[in-house]
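Data block for upload.pdb (PDB, C-alpha atoms):
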ATOM      1  CA  MET A 673    -119.308  -1.578 -46.257
ATOM      2  CA  THR A 674    -118.999  -1.526 -50.003
ATOM      3  CA  GLU A 675    -115.239  -1.159 -50.289
ATOM      4  CA  THR A 676    -113.297  -3.985 -51.762
ATOM      5  CA  GLY A 677    -110.791  -5.612 -49.486
ATOM      6  CA  GLY A 678    -110.640  -5.022 -45.763
ATOM      7  CA  PRO A 679    -111.510  -1.914 -43.781
ATOM      8  CA  GLY A 680    -109.509   1.272 -44.339
ATOM      9  CA  GLY A 681    -106.795   0.903 -41.736
ATOM     10  CA  PRO A 682    -103.551  -1.013 -42.120
ATOM     11  CA  ASP A 683    -103.565  -4.752 -41.476
ATOM     12  CA  PRO A 684    -102.546  -6.210 -38.099
ATOM     13  CA  ALA A 685     -99.146  -7.438 -39.279
ATOM     14  CA  GLN A 686     -98.247  -3.913 -40.450
ATOM     15  CA  ILE A 687     -99.546  -2.441 -37.183
ATOM     16  CA  ALA A 688     -97.482  -4.879 -35.153
ATOM     17  CA  GLN A 689     -94.392  -3.921 -37.115
ATOM     18  CA  VAL A 690     -95.008  -0.197 -36.571
ATOM     19  CA  ILE A 691     -95.541  -0.740 -32.835
ATOM     20  CA  ALA A 692     -92.399  -2.832 -32.633
ATOM     21  CA  GLU A 693     -90.084  -0.635 -34.699
ATOM     22  CA  ALA A 694     -91.316   2.786 -35.772
ATOM     23  CA  ILE A 695     -92.253   4.697 -32.617
ATOM     24  CA  PRO A 696     -89.232   6.775 -31.570
ATOM     25  CA  PHE A 697     -90.185   7.211 -27.899
ATOM     26  CA  SER A 698     -90.890   3.498 -27.464
ATOM     27  CA  ARG A 699     -87.534   2.695 -29.016
ATOM     28  CA  ALA A 700     -85.765   5.191 -26.754
ATOM     29  CA  LEU A 701     -87.283   3.524 -23.684
ATOM     30  CA  GLY A 702     -86.596   0.016 -24.996
ATOM     31  CA  ILE A 703     -90.271  -0.978 -25.161
ATOM     32  CA  ARG A 704     -90.807  -4.259 -27.047
ATOM     33  CA  LEU A 705     -93.975  -5.781 -28.462
ATOM     34  CA  THR A 706     -94.187  -9.330 -27.131
ATOM     35  CA  GLU A 707     -97.673 -10.352 -28.263
ATOM     36  CA  ALA A 708    -100.343  -8.991 -30.588
ATOM     37  CA  GLY A 709    -103.920 -10.158 -31.080
ATOM     38  CA  PRO A 710    -107.290  -8.691 -32.102
ATOM     39  CA  GLY A 711    -107.754  -5.637 -29.832
ATOM     40  CA  PHE A 712    -104.996  -6.951 -27.631
ATOM     41  CA  ALA A 713    -101.332  -6.146 -27.044
ATOM     42  CA  ARG A 714     -98.562  -7.181 -24.728
ATOM     43  CA  LEU A 715     -95.455  -5.043 -24.265
ATOM     44  CA  ALA A 716     -92.313  -5.340 -22.153
ATOM     45  CA  ILE A 717     -89.613  -2.985 -20.946
ATOM     46  CA  ALA A 718     -86.318  -4.183 -19.518
ATOM     47  CA  TYR A 719     -85.001  -2.610 -16.325
ATOM     48  CA  ASP A 720     -82.706   0.290 -17.180
ATOM     49  CA  GLU A 721     -80.886   2.505 -14.665
ATOM     50  CA  ARG A 722     -81.499   5.564 -16.863
ATOM     51  CA  LEU A 723     -85.230   5.189 -16.187
ATOM     52  CA  VAL A 724     -85.004   5.220 -12.387
ATOM     53  CA  GLY A 725     -87.245   7.688 -10.538
ATOM     54  CA  ASP A 726     -85.910   7.367  -7.019
ATOM     55  CA  PRO A 727     -82.149   6.926  -6.706
ATOM     56  CA  LYS A 728     -82.509   5.843  -3.070
ATOM     57  CA  THR A 729     -84.543   2.768  -4.012
ATOM     58  CA  GLY A 730     -83.647   2.148  -7.675
ATOM     59  CA  VAL A 731     -87.345   1.923  -8.548
ATOM     60  CA  LEU A 732     -88.360   2.942 -12.103
ATOM     61  CA  HIS A 733     -90.061   6.334 -12.417
ATOM     62  CA  GLY A 734     -93.858   6.282 -12.445
ATOM     63  CA  GLY A 735     -93.668   8.051 -15.801
ATOM     64  CA  VAL A 736     -92.019   4.963 -17.296
ATOM     65  CA  VAL A 737     -94.976   2.853 -16.184
ATOM     66  CA  THR A 738     -97.306   5.495 -17.652
ATOM     67  CA  ALA A 739     -95.417   5.421 -20.961
ATOM     68  CA  LEU A 740     -95.523   1.616 -21.089
ATOM     69  CA  LEU A 741     -99.258   1.496 -20.326
ATOM     70  CA  ASP A 742    -100.065   4.326 -22.743
ATOM     71  CA  SER A 743     -98.161   2.523 -25.516
ATOM     72  CA  CYS A 744     -99.804  -0.774 -24.677
ATOM     73  CA  CYS A 745    -103.327   0.699 -24.628
ATOM     74  CA  GLY A 746    -102.729   2.584 -27.892
ATOM     75  CA  SER A 747    -101.397  -0.609 -29.487
ATOM     76  CA  ALA A 748    -104.495  -2.534 -28.425
ATOM     77  CA  VAL A 749    -106.669   0.131 -30.097
ATOM     78  CA  MET A 750    -104.704  -0.053 -33.347
ATOM     79  CA  LEU A 751    -104.974  -3.846 -33.271
ATOM     80  CA  HIS A 752    -108.761  -3.742 -32.903
ATOM     81  CA  PRO A 753    -110.532  -5.699 -35.680
ATOM     82  CA  SER A 754    -112.345  -2.512 -36.815
ATOM     83  CA  ARG A 755    -108.933  -1.377 -38.088
ATOM     84  CA  PRO A 756    -108.690   2.273 -37.056
ATOM     85  CA  ALA A 757    -106.564   4.429 -39.357
ATOM     86  CA  GLY A 758    -105.065   6.144 -36.335
ATOM     87  CA  THR A 759    -105.532   6.811 -32.648
ATOM     88  CA  ALA A 760    -104.523   9.261 -29.924
ATOM     89  CA  THR A 761    -104.897   9.171 -26.156
ATOM     90  CA  MET A 762    -107.767  11.300 -24.884
ATOM     91  CA  ASP A 763    -107.783  10.271 -21.259
ATOM     92  CA  LEU A 764    -105.651   7.892 -19.272
ATOM     93  CA  ARG A 765    -105.942   7.077 -15.609
ATOM     94  CA  ILE A 766    -103.191   5.132 -13.907
ATOM     95  CA  ASP A 767    -103.440   3.653 -10.418
ATOM     96  CA  TYR A 768    -100.137   2.671  -8.891
ATOM     97  CA  MET A 769    -100.573  -0.383  -6.684
ATOM     98  CA  ARG A 770     -96.975  -0.765  -5.622
ATOM     99  CA  ALA A 771     -93.412   0.143  -6.553
ATOM    100  CA  SER A 772     -91.886  -1.969  -9.313
ATOM    101  CA  THR A 773     -89.024  -4.272  -8.351
ATOM    102  CA  PRO A 774     -85.567  -2.870  -9.170
ATOM    103  CA  GLY A 775     -83.863  -5.043 -11.774
ATOM    104  CA  ALA A 776     -87.034  -6.736 -13.021
ATOM    105  CA  THR A 777     -88.508  -6.540 -16.523
ATOM    106  CA  LEU A 778     -91.887  -4.816 -16.537
ATOM    107  CA  ASN A 779     -94.691  -6.280 -18.664
ATOM    108  CA  ALA A 780     -97.952  -4.716 -19.744
ATOM    109  CA  ARG A 781    -101.095  -6.159 -21.247
ATOM    110  CA  ALA A 782    -103.984  -4.122 -22.630
ATOM    111  CA  GLU A 783    -107.302  -4.885 -24.231
ATOM    112  CA  CYS A 784    -109.490  -2.600 -26.249
ATOM    113  CA  TYR A 785    -112.830  -3.935 -25.032
ATOM    114  CA  ARG A 786    -115.205  -1.505 -26.714
ATOM    115  CA  VAL A 787    -115.072   0.622 -29.830
ATOM    116  CA  THR A 788    -117.636   3.126 -31.088
ATOM    117  CA  ARG A 789    -117.260   5.079 -34.320
ATOM    118  CA  HIS A 790    -115.009   7.705 -32.755
ATOM    119  CA  VAL A 791    -113.957   6.373 -29.366
ATOM    120  CA  ALA A 792    -112.104   3.319 -28.071
ATOM    121  CA  PHE A 793    -112.253   2.159 -24.458
ATOM    122  CA  VAL A 794    -109.220   0.345 -23.127
ATOM    123  CA  ARG A 795    -107.912  -1.193 -19.932
ATOM    124  CA  GLY A 796    -104.397  -2.245 -19.167
ATOM    125  CA  ILE A 797    -102.263  -3.698 -16.438
ATOM    126  CA  ALA A 798     -98.538  -3.571 -15.656
ATOM    127  CA  PHE A 799     -96.854  -6.375 -13.745
ATOM    128  CA  GLU A 800     -93.587  -8.263 -13.464
ATOM    129  CA  THR A 801     -94.405 -11.974 -13.529
ATOM    130  CA  ASP A 802     -97.770 -12.332 -11.836
ATOM    131  CA  GLU A 803    -100.819 -10.474 -13.131
ATOM    132  CA  SER A 804    -102.553 -10.866  -9.775
ATOM    133  CA  ASP A 805     -99.802  -8.741  -8.229
ATOM    134  CA  PRO A 806     -99.950  -5.664 -10.467
ATOM    135  CA  VAL A 807     -97.606  -2.680 -10.322
ATOM    136  CA  ALA A 808    -100.256  -0.458 -11.915
ATOM    137  CA  VAL A 809    -103.551  -0.595 -13.764
ATOM    138  CA  ALA A 810    -104.793   1.796 -16.429
ATOM    139  CA  THR A 811    -108.144   2.826 -17.853
ATOM    140  CA  GLY A 812    -108.227   4.913 -20.981
ATOM    141  CA  ALA A 813    -110.342   6.501 -23.682
ATOM    142  CA  PHE A 814    -108.687   6.883 -27.086
ATOM    143  CA  THR A 815    -109.751   8.668 -30.253
ATOM    144  CA  ILE A 816    -110.438   6.589 -33.343
ATOM    145  CA  GLU A 817    -109.496   8.024 -36.676
ATOM    146  CA  ARG A 818    -111.253   6.429 -39.590
ATOM    147  CA  GLY A 819    -109.579   6.444 -42.985
ATOM    148  CA  GLU A 820    -111.023   7.910 -46.188
ATOM    149  CA  GLY A 821    -114.505   6.698 -47.064
ATOM    150  CA  ARG A 822    -114.966   5.117 -43.673
ATOM    151  CA  GLU A 823    -117.668   7.445 -42.398
ATOM    152  CA  GLY A 824    -120.390   4.891 -43.069
ATOM    153  CA  ALA A 825    -118.802   2.265 -40.846
ATOM    154  CA  ALA A 826    -120.742   1.376 -37.714
TER     155      ALA A 826
ATOM    156  CA  MET B 319     -84.066  46.013  18.232
ATOM    157  CA  ASN B 320     -81.146  43.864  17.382
ATOM    158  CA  ARG B 321     -82.062  42.415  13.966
ATOM    159  CA  ARG B 322     -79.579  40.322  12.071
ATOM    160  CA  LYS B 323     -78.465  41.784   8.800
ATOM    161  CA  PRO B 324     -80.099  39.870   5.928
ATOM    162  CA  GLU B 325     -77.869  37.670   3.795
ATOM    163  CA  PRO B 326     -76.790  39.095   0.438
ATOM    164  CA  VAL B 327     -79.349  38.209  -2.259
ATOM    165  CA  GLN B 328     -76.790  36.288  -4.317
ATOM    166  CA  VAL B 329     -76.016  33.961  -1.433
ATOM    167  CA  VAL B 330     -79.702  33.185  -0.917
ATOM    168  CA  LYS B 331     -80.290  32.621  -4.637
ATOM    169  CA  GLN B 332     -77.269  30.400  -4.989
ATOM    170  CA  ARG B 333     -78.298  28.237  -2.057
ATOM    171  CA  ARG B 334     -81.848  27.809  -3.419
ATOM    172  CA  ASP B 335     -80.715  27.105  -6.980
ATOM    173  CA  ALA B 336     -78.120  24.604  -5.798
ATOM    174  CA  ALA B 337     -80.737  22.731  -3.748
ATOM    175  CA  LEU B 338     -83.135  22.598  -6.719
ATOM    176  CA  GLN B 339     -80.379  21.438  -9.044
ATOM    177  CA  ARG B 340     -79.383  18.705  -6.629
ATOM    178  CA  LEU B 341     -82.960  17.515  -6.240
ATOM    179  CA  VAL B 342     -83.476  17.312 -10.013
ATOM    180  CA  ASP B 343     -80.062  15.880 -10.876
ATOM    181  CA  GLY B 344     -80.611  13.007  -8.477
ATOM    182  CA  VAL B 345     -83.364  11.500 -10.645
ATOM    183  CA  PRO B 346     -82.018   9.568 -13.674
ATOM    184  CA  TYR B 347     -85.329   9.598 -15.592
ATOM    185  CA  ILE B 348     -85.481  13.424 -15.443
ATOM    186  CA  ARG B 349     -82.045  13.513 -17.091
ATOM    187  CA  PHE B 350     -83.114  10.862 -19.624
ATOM    188  CA  LEU B 351     -86.034  13.022 -20.783
ATOM    189  CA  GLY B 352     -83.936  16.196 -20.612
ATOM    190  CA  VAL B 353     -86.392  18.003 -18.316
ATOM    191  CA  ARG B 354     -85.101  21.198 -16.677
ATOM    192  CA  PHE B 355     -86.589  23.488 -14.016
ATOM    193  CA  GLU B 356     -86.604  27.268 -13.741
ATOM    194  CA  ARG B 357     -87.263  28.975 -10.426
ATOM    195  CA  ARG B 358     -88.812  32.340  -9.551
ATOM    196  CA  GLY B 359     -88.920  32.488  -5.763
ATOM    197  CA  ASP B 360     -90.635  29.254  -4.811
ATOM    198  CA  GLU B 361     -92.456  28.967  -8.177
ATOM    199  CA  LEU B 362     -91.164  26.328 -10.569
ATOM    200  CA  THR B 363     -91.592  25.971 -14.319
ATOM    201  CA  ALA B 364     -90.630  22.668 -15.898
ATOM    202  CA  ILE B 365     -89.232  22.653 -19.429
ATOM    203  CA  LEU B 366     -89.210  19.678 -21.778
ATOM    204  CA  PRO B 367     -86.871  20.654 -24.626
ATOM    205  CA  TYR B 368     -87.911  19.071 -27.904
ATOM    206  CA  SER B 369     -85.980  16.030 -28.992
ATOM    207  CA  ASP B 370     -86.690  13.563 -31.831
ATOM    208  CA  HIS B 371     -86.850  10.622 -29.446
ATOM    209  CA  LEU B 372     -89.961  12.076 -27.734
ATOM    210  CA  ILE B 373     -92.118  11.440 -30.815
ATOM    211  CA  GLY B 374     -94.951   8.923 -30.587
ATOM    212  CA  ASN B 375     -96.626   9.498 -33.929
ATOM    213  CA  PRO B 376     -94.033  10.064 -36.678
ATOM    214  CA  VAL B 377     -96.724  10.737 -39.314
ATOM    215  CA  LEU B 378     -98.219  13.883 -37.715
ATOM    216  CA  PRO B 379     -95.638  14.229 -36.028
ATOM    217  CA  ALA B 380     -96.752  14.404 -32.376
ATOM    218  CA  LEU B 381     -95.146  13.907 -28.985
ATOM    219  CA  HIS B 382     -95.737  10.492 -27.376
ATOM    220  CA  GLY B 383     -98.519  10.474 -24.758
ATOM    221  CA  GLY B 384     -96.140   8.601 -22.477
ATOM    222  CA  ALA B 385     -93.533  11.342 -22.856
ATOM    223  CA  THR B 386     -95.958  14.140 -21.997
ATOM    224  CA  GLY B 387     -97.520  12.013 -19.231
ATOM    225  CA  SER B 388     -94.056  11.440 -17.771
ATOM    226  CA  PHE B 389     -93.322  15.168 -18.033
ATOM    227  CA  LEU B 390     -96.446  15.999 -15.994
ATOM    228  CA  GLU B 391     -95.696  13.379 -13.364
ATOM    229  CA  ILE B 392     -92.114  14.641 -13.009
ATOM    230  CA  THR B 393     -93.396  18.204 -12.654
ATOM    231  CA  ALA B 394     -95.870  17.191  -9.938
ATOM    232  CA  ILE B 395     -93.334  15.177  -7.937
ATOM    233  CA  VAL B 396     -90.621  17.838  -8.131
ATOM    234  CA  GLU B 397     -93.152  20.519  -7.106
ATOM    235  CA  LEU B 398     -94.100  18.504  -4.001
ATOM    236  CA  ALA B 399     -90.506  17.575  -3.153
ATOM    237  CA  TRP B 400     -89.432  21.178  -3.688
ATOM    238  CA  SER B 401     -92.105  22.473  -1.308
ATOM    239  CA  MET B 402     -90.687  20.169   1.402
ATOM    240  CA  VAL B 403     -87.103  21.199   0.628
ATOM    241  CA  TRP B 404     -88.071  24.878   0.583
ATOM    242  CA  GLU B 405     -89.787  24.641   3.957
ATOM    243  CA  ARG B 406     -86.750  23.015   5.541
ATOM    244  CA  MET B 407     -84.270  25.327   3.870
ATOM    245  CA  GLU B 408     -86.121  28.475   4.934
ATOM    246  CA  GLY B 409     -86.854  27.167   8.417
ATOM    247  CA  GLY B 410     -83.153  27.128   9.265
ATOM    248  CA  GLY B 411     -81.475  24.965  11.905
ATOM    249  CA  GLU B 412     -80.678  21.276  11.527
ATOM    250  CA  ALA B 413     -83.240  20.697   8.742
ATOM    251  CA  ALA B 414     -81.685  23.447   6.618
ATOM    252  CA  ARG B 415     -78.201  22.079   7.255
ATOM    253  CA  ALA B 416     -79.334  18.642   6.093
ATOM    254  CA  ILE B 417     -80.549  20.091   2.774
ATOM    255  CA  GLU B 418     -77.299  21.968   2.316
ATOM    256  CA  GLU B 419     -75.379  18.720   2.804
ATOM    257  CA  GLY B 420     -77.544  16.994   0.206
ATOM    258  CA  ARG B 421     -79.627  14.973   2.664
ATOM    259  CA  PHE B 422     -83.084  15.319   1.098
ATOM    260  CA  PRO B 423     -86.376  13.970   2.429
ATOM    261  CA  PRO B 424     -87.646  10.859   0.562
ATOM    262  CA  LEU B 425     -89.592  11.626  -2.632
ATOM    263  CA  PRO B 426     -93.412  11.559  -2.669
ATOM    264  CA  ARG B 427     -94.869   8.452  -4.332
ATOM    265  CA  THR B 428     -97.578   8.507  -6.979
ATOM    266  CA  ILE B 429    -100.890   6.931  -5.969
ATOM    267  CA  ASP B 430    -102.760   7.790  -9.170
ATOM    268  CA  MET B 431    -102.638  10.130 -12.160
ATOM    269  CA  THR B 432    -105.460  11.077 -14.503
ATOM    270  CA  ILE B 433    -104.082  12.566 -17.683
ATOM    271  CA  ASP B 434    -106.309  14.620 -19.949
ATOM    272  CA  TYR B 435    -104.849  14.951 -23.451
ATOM    273  CA  LEU B 436    -106.386  18.115 -24.874
ATOM    274  CA  ARG B 437    -104.568  18.335 -28.212
ATOM    275  CA  SER B 438    -101.596  16.671 -29.789
ATOM    276  CA  GLY B 439     -98.150  17.732 -28.629
ATOM    277  CA  LEU B 440     -96.262  19.564 -31.365
ATOM    278  CA  PRO B 441     -92.610  18.801 -32.102
ATOM    279  CA  ARG B 442     -91.302  21.729 -30.060
ATOM    280  CA  ASP B 443     -90.490  22.645 -26.450
ATOM    281  CA  ALA B 444     -93.142  22.187 -23.769
ATOM    282  CA  TYR B 445     -93.572  23.898 -20.409
ATOM    283  CA  ALA B 446     -95.460  22.848 -17.291
ATOM    284  CA  ARG B 447     -96.470  24.157 -13.914
ATOM    285  CA  ALA B 448     -97.984  22.280 -10.995
ATOM    286  CA  ARG B 449    -100.385  23.555  -8.352
ATOM    287  CA  VAL B 450    -100.657  21.741  -5.037
ATOM    288  CA  ASN B 451    -104.372  21.778  -4.234
ATOM    289  CA  ARG B 452    -104.061  19.821  -1.039
ATOM    290  CA  SER B 453    -101.035  18.930   0.968
ATOM    291  CA  GLY B 454    -101.804  16.949   4.087
ATOM    292  CA  ARG B 455     -99.682  14.897   6.424
ATOM    293  CA  ARG B 456    -100.031  11.753   4.292
ATOM    294  CA  TYR B 457    -101.689  12.680   1.011
ATOM    295  CA  ALA B 458    -101.316  15.432  -1.533
ATOM    296  CA  SER B 459    -103.430  16.324  -4.552
ATOM    297  CA  VAL B 460    -101.688  18.106  -7.402
ATOM    298  CA  HIS B 461    -102.903  19.588 -10.676
ATOM    299  CA  VAL B 462    -100.435  20.022 -13.544
ATOM    300  CA  GLU B 463    -100.839  21.858 -16.816
ATOM    301  CA  ALA B 464     -98.502  21.871 -19.808
ATOM    302  CA  TRP B 465     -98.438  24.216 -22.776
ATOM    303  CA  GLN B 466     -96.272  24.923 -25.786
ATOM    304  CA  ASP B 467     -96.511  28.208 -27.690
ATOM    305  CA  ASN B 468     -99.476  29.686 -25.894
ATOM    306  CA  ARG B 469     -99.803  29.661 -22.092
ATOM    307  CA  ASN B 470    -103.603  29.922 -22.398
ATOM    308  CA  ARG B 471    -103.898  26.850 -24.602
ATOM    309  CA  PRO B 472    -102.685  23.903 -22.526
ATOM    310  CA  PHE B 473    -102.169  20.731 -24.597
ATOM    311  CA  VAL B 474    -102.285  18.339 -21.677
ATOM    312  CA  GLN B 475    -103.313  18.505 -18.026
ATOM    313  CA  ALA B 476    -103.394  16.025 -15.168
ATOM    314  CA  THR B 477    -104.497  15.544 -11.593
ATOM    315  CA  GLY B 478    -102.604  13.186  -9.340
ATOM    316  CA  HIS B 479    -102.600  11.960  -5.773
ATOM    317  CA  PHE B 480     -99.356  11.359  -3.969
ATOM    318  CA  LEU B 481     -98.262   9.644  -0.791
ATOM    319  CA  MET B 482     -96.046  11.997   1.206
ATOM    320  CA  PRO B 483     -93.014  10.755   3.138
ATOM    321  CA  ARG B 484     -93.140  10.829   6.925
ATOM    322  CA  ARG B 485     -92.256  14.248   8.319
ATOM    323  CA  ASP B 486     -89.386  12.872  10.395
ATOM    324  CA  ALA B 487     -87.854  10.930   7.491
TER     325      ALA B 487
END
Would you mind writing the structure in this file as structure tokens?
Amino acid sequence: MTETGGPGGPDPAQIAQVIAEAIPFSRALGIRLTEAGPGFARLAIAYDERLVGDPKTGVLHGGVVTALLDSCCGSAVMLHPSRPAGTATMDLRIDYMRASTPGATLNARAECYRVTRHVAFVRGIAFETDESDPVAVATGAFTIERGEGREGAA
Amino acid sequence: MNRRKPEPVQVVKQRRDAALQRLVDGVPYIRFLGVRFERRGDELTAILPYSDHLIGNPVLPALHGGATGSFLEITAIVELAWSMVWERMEGGGEAARAIEEGRFPPLPRTIDMTIDYLRSGLPRDAYARARVNRSGRRYASVHVEAWQDNRNRPFVQATGHFLMPRRDA
């Protein structure tokens, strides 16, 4: 690295602000960023009757859990210390352990545990209050876009 | 032979369309996303009309992976639920009456979904079709594919496993 200043991507504070405010679909669903760290993100979504998947039970649609976990995993990638300029989901697998509890806020936590030049590997978990009683877990591979002049980065 | 005269085609169509509409309208999240379904016989095509709130990357812009993932999961679940409704409706008798009165079988529940994002979703309408590869007593395996302008260039596909409701439910 011969560039002055930090790596090409935006700094973590900017990223956190984008995640929190500038993603239309996240805003529409009411997804909030509750914690941000290096390669780590925590998101929450309040229970909302418009997001219900089964009217007989009042349980949120599986797609809502997918959206929350996808957002959380993507956020963790963008918050990785290698500072990607951008990312997109390549592959996401979600395992649904149980139905979410009607009325409860759903939380998600994701960590980007490995990054190569072009790929980020992420895992995430969705739960209400207790991480040992997950609603769903996710495993994903995300693309890493490097900014201008970043091709030499390891 | 004393065969009953078939029902007029409009009556049959209306009954099937009404059942599909009822199934879809019952799910708040389908309304929230604005997903609609078109029917040709028992074949369904899901439509996700473009809307600004579906964007995940405003710079490109591109549809949110969670929005397209949700779209595929909705398509898979409705396909499975519809196959149960169709079977009951066409079988006649008490089961068909139940459907007509809006008493639907419980919805299948997602066990897992693997979503393969092939290219970014453009800010325009998307379409999807699901294929049930296995439908057993308890488990079903479904493949879903979504495209935008070109049917032969899917932008996202997924495979999911689903827990089916009990037959007598």
Margin query: Give me, as a VMD selection string, all polymer residues having an atom no more than 10 Å from Leu778 (chain A), counting only C-alpha atoms and skipping those fewer than 6 positions away in the same chain.
Written below: chain A and resid 703 715 to 719 732 736 to 737 740 772 798 to 801 807
Notebook entry, point to check: In Å to one decimal, how far is CA of Gly374 (chain B) from CA of Gly711 (chain A)?
Noted result: 19.4 Å
For region 327-436 of chain B against region 472-485 of chain B, with a cut-off of 6 Å and counting all atoms listed in the file, what is the closest atom pair and its distance in Å to one decimal for every residue that makes the cut, ordered by chain and number, as CSV?
residue,atom,partner,partner_atom,distance
B:Pro424,CA,B:Pro483,CA,6.0
B:Pro426,CA,B:Met482,CA,4.7
B:Arg427,CA,B:Leu481,CA,5.0
B:Thr428,CA,B:Phe480,CA,4.5
B:Ile429,CA,B:Phe480,CA,5.1
B:Asp430,CA,B:His479,CA,5.4
B:Met431,CA,B:Gly478,CA,4.2
B:Thr432,CA,B:Ala476,CA,5.4
B:Ile433,CA,B:Ala476,CA,4.3
B:Asp434,CA,B:Gln475,CA,5.3
B:Tyr435,CA,B:Val474,CA,4.6
B:Leu436,CA,B:Phe473,CA,5.0
Which residues match the ChimeraX specification (/A :<9) & /B in the file above, as a CSV table (one decimal) with C-alpha atoms, keeping the file's coordinate frame?
chain,number,residue,atom,x,y,z
B,344,GLY,CA,-80.6,13.0,-8.5
B,345,VAL,CA,-83.4,11.5,-10.6
B,346,PRO,CA,-82.0,9.6,-13.7
B,347,TYR,CA,-85.3,9.6,-15.6
B,348,ILE,CA,-85.5,13.4,-15.4
B,349,ARG,CA,-82.0,13.5,-17.1
B,350,PHE,CA,-83.1,10.9,-19.6
B,370,ASP,CA,-86.7,13.6,-31.8
B,371,HIS,CA,-86.8,10.6,-29.4
B,372,LEU,CA,-90.0,12.1,-27.7
B,373,ILE,CA,-92.1,11.4,-30.8
B,374,GLY,CA,-95.0,8.9,-30.6
B,375,ASN,CA,-96.6,9.5,-33.9
B,376,PRO,CA,-94.0,10.1,-36.7
B,381,LEU,CA,-95.1,13.9,-29.0
B,382,HIS,CA,-95.7,10.5,-27.4
B,383,GLY,CA,-98.5,10.5,-24.8
B,384,GLY,CA,-96.1,8.6,-22.5
B,385,ALA,CA,-93.5,11.3,-22.9
B,386,THR,CA,-96.0,14.1,-22.0
B,387,GLY,CA,-97.5,12.0,-19.2
B,388,SER,CA,-94.1,11.4,-17.8
B,389,PHE,CA,-93.3,15.2,-18.0
B,390,LEU,CA,-96.4,16.0,-16.0
B,391,GLU,CA,-95.7,13.4,-13.4
B,392,ILE,CA,-92.1,14.6,-13.0
B,424,PRO,CA,-87.6,10.9,0.6
B,425,LEU,CA,-89.6,11.6,-2.6
B,427,ARG,CA,-94.9,8.5,-4.3
B,428,THR,CA,-97.6,8.5,-7.0
B,429,ILE,CA,-100.9,6.9,-6.0
B,430,ASP,CA,-102.8,7.8,-9.2
B,431,MET,CA,-102.6,10.1,-12.2
B,432,THR,CA,-105.5,11.1,-14.5
B,433,ILE,CA,-104.1,12.6,-17.7
B,434,ASP,CA,-106.3,14.6,-19.9
B,435,TYR,CA,-104.8,15.0,-23.5
B,436,LEU,CA,-106.4,18.1,-24.9
B,437,ARG,CA,-104.6,18.3,-28.2
B,438,SER,CA,-101.6,16.7,-29.8
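Counting all atoms listed in the file, the residue from A:Leu751, A:Ala757, A:Val794, A:Val731 that sits nearest to Gln689 (chain A) is A:Leu751.
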Next item on the list: Can you work out which one of A:Cys745, A:Pro774, A:Arg755, A:Thr706 has the shortest atom-to-atom distance to Arg795 (chain A), counting only C-alpha atoms?
Entry: A:Cys745
Checklist line | Output of the PyMOL selection byres ((chain A and resi 708) around 9), listed as a list in words | finding: Pro684, Ala685, Ala688, Leu705, Thr706, Glu707, Gly709, Pro710, Gly711, Phe712, Ala713, Arg714, Leu715, Ser747, Ala748 and Leu751 of chain A
Next item on the list: Would you mind reading off the distance between CA of Ala458 (chain B) and CA of Phe422 (chain B), one decimal, in Å?
Entry: 18.4 Å
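Each of B:Gln339, B:Gln466, B:Thr393, B:Ser453 was compared to Thr363 (chain B) using all atoms listed in the file, and B:Thr393 turns out to be the nearest.
Interatomic distance, CA of Arg340 (chain B) against CA of Phe355 (chain B): 11.4 Å.
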